[in-house]
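> Dropping in coords26.pdb, which is PDB, C-alpha atoms:
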```
MODEL        1
ATOM      1  CA  MET A   1      12.900  13.215   2.528
ATOM      2  CA  ASP A   2      12.403  12.390  -1.121
ATOM      3  CA  PRO A   3       9.449  14.458  -2.405
ATOM      4  CA  SER A   4       8.746  12.237  -5.413
ATOM      5  CA  THR A   5       8.335   9.129  -3.256
ATOM      6  CA  VAL A   6       6.020  11.014  -0.919
ATOM      7  CA  LEU A   7       3.934  12.362  -3.814
ATOM      8  CA  TYR A   8       3.669   8.999  -5.549
ATOM      9  CA  SER A   9       2.575   7.405  -2.291
ATOM     10  CA  LEU A  10       0.050  10.127  -1.605
ATOM     11  CA  PHE A  11      -1.526   9.916  -5.068
ATOM     12  CA  GLY A  12      -0.831   6.214  -5.645
ATOM     13  CA  PRO A  13      -4.319   4.934  -4.826
ATOM     14  CA  PHE A  14      -5.783   7.368  -7.366
ATOM     15  CA  LEU A  15      -3.326   6.062  -9.962
ATOM     16  CA  VAL A  16      -4.036   2.371  -9.346
ATOM     17  CA  TRP A  17      -7.791   2.676  -8.781
ATOM     18  CA  PRO A  18      -8.714   2.654 -12.513
ATOM     19  CA  ILE A  19      -6.460  -0.362 -13.078
ATOM     20  CA  GLU A  20      -8.076  -2.201 -10.170
ATOM     21  CA  TYR A  21     -11.467  -1.551 -11.745
ATOM     22  CA  PHE A  22     -10.503  -3.681 -14.758
ATOM     23  CA  LEU A  23      -8.117  -6.054 -12.972
ATOM     24  CA  PRO A  24      -9.763  -6.692  -9.602
ATOM     25  CA  TYR A  25      -6.659  -7.898  -7.807
ATOM     26  CA  PRO A  26      -5.735  -4.979  -5.537
ATOM     27  CA  PHE A  27      -3.125  -6.967  -3.639
ATOM     28  CA  ILE A  28      -1.158  -7.433  -6.886
ATOM     29  CA  ILE A  29      -1.734  -4.011  -8.447
ATOM     30  CA  GLU A  30      -0.924  -2.050  -5.285
ATOM     31  CA  GLU A  31       2.174  -4.095  -4.516
ATOM     32  CA  LEU A  32       3.458  -3.687  -8.085
ATOM     33  CA  PHE A  33       3.009   0.058  -7.647
ATOM     34  CA  LYS A  34       5.032  -0.096  -4.423
ATOM     35  CA  VAL A  35       7.750  -2.092  -6.179
ATOM     36  CA  LEU A  36       8.116   0.749  -8.681
ATOM     37  CA  VAL A  37       8.215   3.362  -5.932
ATOM     38  CA  VAL A  38      10.886   1.439  -4.001
ATOM     39  CA  TRP A  39      12.893   0.588  -7.130
ATOM     40  CA  PHE A  40      13.218   4.246  -8.122
ATOM     41  CA  GLY A  41      13.093   5.736  -4.615
ATOM     42  CA  PRO A  42      15.736   6.445  -1.988
ATOM     43  CA  ARG A  43      17.322   3.832   0.242
ATOM     44  CA  LYS A  44      15.861   5.004   3.561
ATOM     45  CA  ALA A  45      13.381   2.939   5.570
ATOM     46  CA  LYS A  46      11.728   5.946   7.227
ATOM     47  CA  VAL A  47      10.660   7.217   3.794
ATOM     48  CA  TYR A  48       8.719   4.008   3.171
ATOM     49  CA  LEU A  49       7.159   4.031   6.611
ATOM     50  CA  LEU A  50       5.728   7.464   5.801
ATOM     51  CA  ALA A  51       4.895   6.351   2.251
ATOM     52  CA  GLY A  52       2.755   3.511   3.613
ATOM     53  CA  ILE A  53       0.840   5.852   5.916
ATOM     54  CA  LEU A  54       0.231   8.314   3.081
ATOM     55  CA  PHE A  55      -0.873   5.519   0.749
ATOM     56  CA  ALA A  56      -3.315   4.259   3.416
ATOM     57  CA  THR A  57      -4.637   7.782   4.020
ATOM     58  CA  THR A  58      -5.453   8.323   0.366
ATOM     59  CA  GLU A  59      -6.945   4.854   0.063
ATOM     60  CA  THR A  60      -9.186   5.563   3.052
ATOM     61  CA  VAL A  61     -10.311   8.805   1.406
ATOM     62  CA  LEU A  62     -11.291   6.788  -1.663
ATOM     63  CA  TYR A  63     -13.354   4.491   0.524
ATOM     64  CA  THR A  64     -15.113   7.408   2.206
ATOM     65  CA  ILE A  65     -16.261   8.631  -1.192
ATOM     66  CA  ASN A  66     -18.443   5.539  -1.448
ATOM     67  CA  VAL A  67     -20.557   5.702   1.716
ATOM     68  CA  ASN A  68     -22.301   2.403   0.966
ATOM     69  CA  ILE A  69     -19.036   0.480   1.458
ATOM     70  CA  THR A  70     -17.692   2.383   4.460
ATOM     71  CA  GLY A  71     -20.645   2.178   6.804
ATOM     72  CA  THR A  72     -19.710   4.068   9.975
ATOM     73  CA  VAL A  73     -17.107   6.580  11.085
ATOM     74  CA  THR A  74     -15.782   4.051  13.602
ATOM     75  CA  TYR A  75     -15.202   1.578  10.787
ATOM     76  CA  MET A  76     -13.304   4.247   8.847
ATOM     77  CA  PHE A  77     -10.953   4.946  11.762
ATOM     78  CA  LEU A  78     -10.334   1.235  12.289
ATOM     79  CA  ARG A  79      -9.755   0.770   8.580
ATOM     80  CA  PHE A  80      -7.320   3.681   8.448
ATOM     81  CA  ALA A  81      -5.345   2.332  11.413
ATOM     82  CA  SER A  82      -5.138  -1.196  10.040
ATOM     83  CA  THR A  83      -4.357  -0.168   6.454
ATOM     84  CA  SER A  84      -1.633   2.191   7.683
ATOM     85  CA  ILE A  85       0.044  -0.778   9.329
ATOM     86  CA  LEU A  86      -0.550  -2.958   6.266
ATOM     87  CA  HIS A  87       0.814  -0.537   3.676
ATOM     88  CA  SER A  88       3.776   0.554   5.802
ATOM     89  CA  THR A  89       4.671  -3.080   6.421
ATOM     90  CA  THR A  90       4.420  -4.066   2.765
ATOM     91  CA  PHE A  91       6.506  -1.062   1.699
ATOM     92  CA  LEU A  92       9.147  -2.064   4.258
ATOM     93  CA  ILE A  93       9.095  -5.720   3.156
ATOM     94  CA  ILE A  94       9.776  -4.696  -0.438
ATOM     95  CA  TYR A  95      12.403  -2.196   0.719
ATOM     96  CA  TYR A  96      14.151  -4.803   2.909
ATOM     97  CA  PHE A  97      14.607  -7.260   0.064
ATOM     98  CA  THR A  98      15.662  -4.522  -2.350
ATOM     99  CA  ARG A  99      18.218  -3.236   0.142
ATOM    100  CA  GLN A 100      19.784  -6.680   0.350
ATOM    101  CA  ASN A 101      20.020  -7.029  -3.421
ATOM    102  CA  LYS A 102      17.926  -5.383  -6.137
ATOM    103  CA  LYS A 103      17.378  -8.791  -7.740
ATOM    104  CA  LEU A 104      15.517  -9.912  -4.594
ATOM    105  CA  ILE A 105      12.761  -7.371  -5.157
ATOM    106  CA  ILE A 106      10.604 -10.145  -6.636
ATOM    107  CA  PHE A 107      10.670 -11.969  -3.283
ATOM    108  CA  GLY A 108       9.667  -8.762  -1.531
ATOM    109  CA  PHE A 109       6.803  -8.378  -3.987
ATOM    110  CA  ILE A 110       5.595 -11.969  -3.492
ATOM    111  CA  ILE A 111       5.702 -11.764   0.308
ATOM    112  CA  SER A 112       4.048  -8.341   0.437
ATOM    113  CA  ALA A 113       1.349  -9.409  -2.067
ATOM    114  CA  LEU A 114       0.646 -12.520   0.028
ATOM    115  CA  PHE A 115       0.499 -10.411   3.185
ATOM    116  CA  HIS A 116      -1.878  -7.967   1.459
ATOM    117  CA  TYR A 117      -4.025 -10.828   0.129
ATOM    118  CA  LEU A 118      -4.363 -12.331   3.609
ATOM    119  CA  TYR A 119      -5.267  -8.933   5.035
ATOM    120  CA  ASN A 120      -7.943  -8.342   2.372
ATOM    121  CA  ASN A 121      -9.538 -11.743   2.954
ATOM    122  CA  PHE A 122      -9.352 -12.133   6.723
ATOM    123  CA  ILE A 123      -8.932  -8.857   8.640
ATOM    124  CA  PRO A 124     -12.058  -7.014   7.390
ATOM    125  CA  SER A 125     -14.210  -9.909   8.634
ATOM    126  CA  PHE A 126     -13.275  -9.024  12.227
TER
ENDMDL
END
```
Taking this structure as input, can you express it in the form of structure tokens?


Amino acid sequence: MDPSTVLYSLFGPFLVWPIEYFLPYPFIIEELFKVLVVWFGPRKAKVYLLAGILFATTETVLYTINVNITGTVTYMFLRFASTSILHSTTFLIIYYFTRQNKKLIIFGFIISALFHYLYNNFIPSF
């Protein structure tokens, strides 16, 4: 297991949060962060599966800080479960394209950003 990838994923939401404050496009900012992690990280899918779960965990912690947004504990558990799937999937999408050819990382970014955008706009409404 690559410790730097794990650490970046664990602290990633804290690193991108200030940027998202000024550029309110989390689906772009977070996916660009993941592109950097995958670009410089190891070539093992299981690392990025764990990285997505860690990223989602930290992001959920950030949401719990602001109680007005989170609402209930049930909502927090549902959010954690769905964002774990989201972030693991987007990490793996970027990884898949990078594994094929490093030049294809842009396609991985576009698809994962689109996936993240759709999640942000449609899933929370359920």

> Would you list the contacts of Arg43 of chain A as a list in words, taking every protein, DNA or RNA residue within 10 Å and counting only C-alpha atoms, but skipping same-chain residues closer than 3 positions in sequence?

Asp2, Val38, Trp39, Phe40, Lys46, Val47, Tyr48, Tyr95, Tyr96, Thr98 and Arg99 of chain A

> Filtering to C-alpha atoms, could you give me those residues as a CSV table (one decimal), in the frame of the given file?


```csv
chain,number,residue,atom,x,y,z
A,2,ASP,CA,12.4,12.4,-1.1
A,38,VAL,CA,10.9,1.4,-4.0
A,39,TRP,CA,12.9,0.6,-7.1
A,40,PHE,CA,13.2,4.2,-8.1
A,46,LYS,CA,11.7,5.9,7.2
A,47,VAL,CA,10.7,7.2,3.8
A,48,TYR,CA,8.7,4.0,3.2
A,95,TYR,CA,12.4,-2.2,0.7
A,96,TYR,CA,14.2,-4.8,2.9
A,98,THR,CA,15.7,-4.5,-2.4
A,99,ARG,CA,18.2,-3.2,0.1
```

> Using Å and a single decimal, report how far atom CA of Gln100 of chain A sits from atom CA of Ala45 of chain A.

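For atom CA of Ala45 of chain A relative to atom CA of Gln100 of chain A, the distance reads 12.7 Å.
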
> Under the PyMOL selection byres ((chain A and resi 24-30) around 8), which residues of this model are included? Write them out as an NGL selection string.

:A and (13 or 16 or 19-23 or 31-34 or 113-114 or 116-117 or 120)

> Please return the centre and edge lengths, in Å to one decimal, of a box with edges along x, y and z that contains all listed atoms of segment 43-59 of chain A, widened by 3 Å on every side, as AutoDock Vina command-line options.


```
--center_x 5.2 --center_y 5.6 --center_z 3.6 --size_x 30.3 --size_y 11.4 --size_z 13.2
```

> In Å, rounded to a single decimal, give me how far atom CA of Ser9 of chain A is from atom CA of Ser82 of chain A.

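Spanning atom CA of Ser82 of chain A to atom CA of Ser9 of chain A is a straight-line distance of 16.9 Å.
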
> Could you list, as an MDAnalysis selection string, every residue matched by the PyMOL selection byres ((chain A and resi 79) around 10) in this structure?

chainID A and resid 56:57 59:60 63 70 73:78 80:85 123:124

> Got a sec to resolve the PyMOL selection byres ((chain A and resi 51) around 8) on this structure and send the residues as number ranges by chain?

A: 5-6, 9-10, 47-50, 52-55, 88, 91

> Would you work out the distance separating atom CA of Ser4 of chain A from atom CA of Leu92 of chain A, expressed in Å to one decimal?

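Between atom CA of Ser4 of chain A and atom CA of Leu92 of chain A the gap is 17.3 Å.
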
> Measuring between all atoms listed in the file, which one of A:Ile111, A:Asn121, A:Leu86, A:Val61 shows the shortest distance to Val35 of chain A?

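Using all atoms listed in the file, Val35 of chain A sits closest to A:Ile111.
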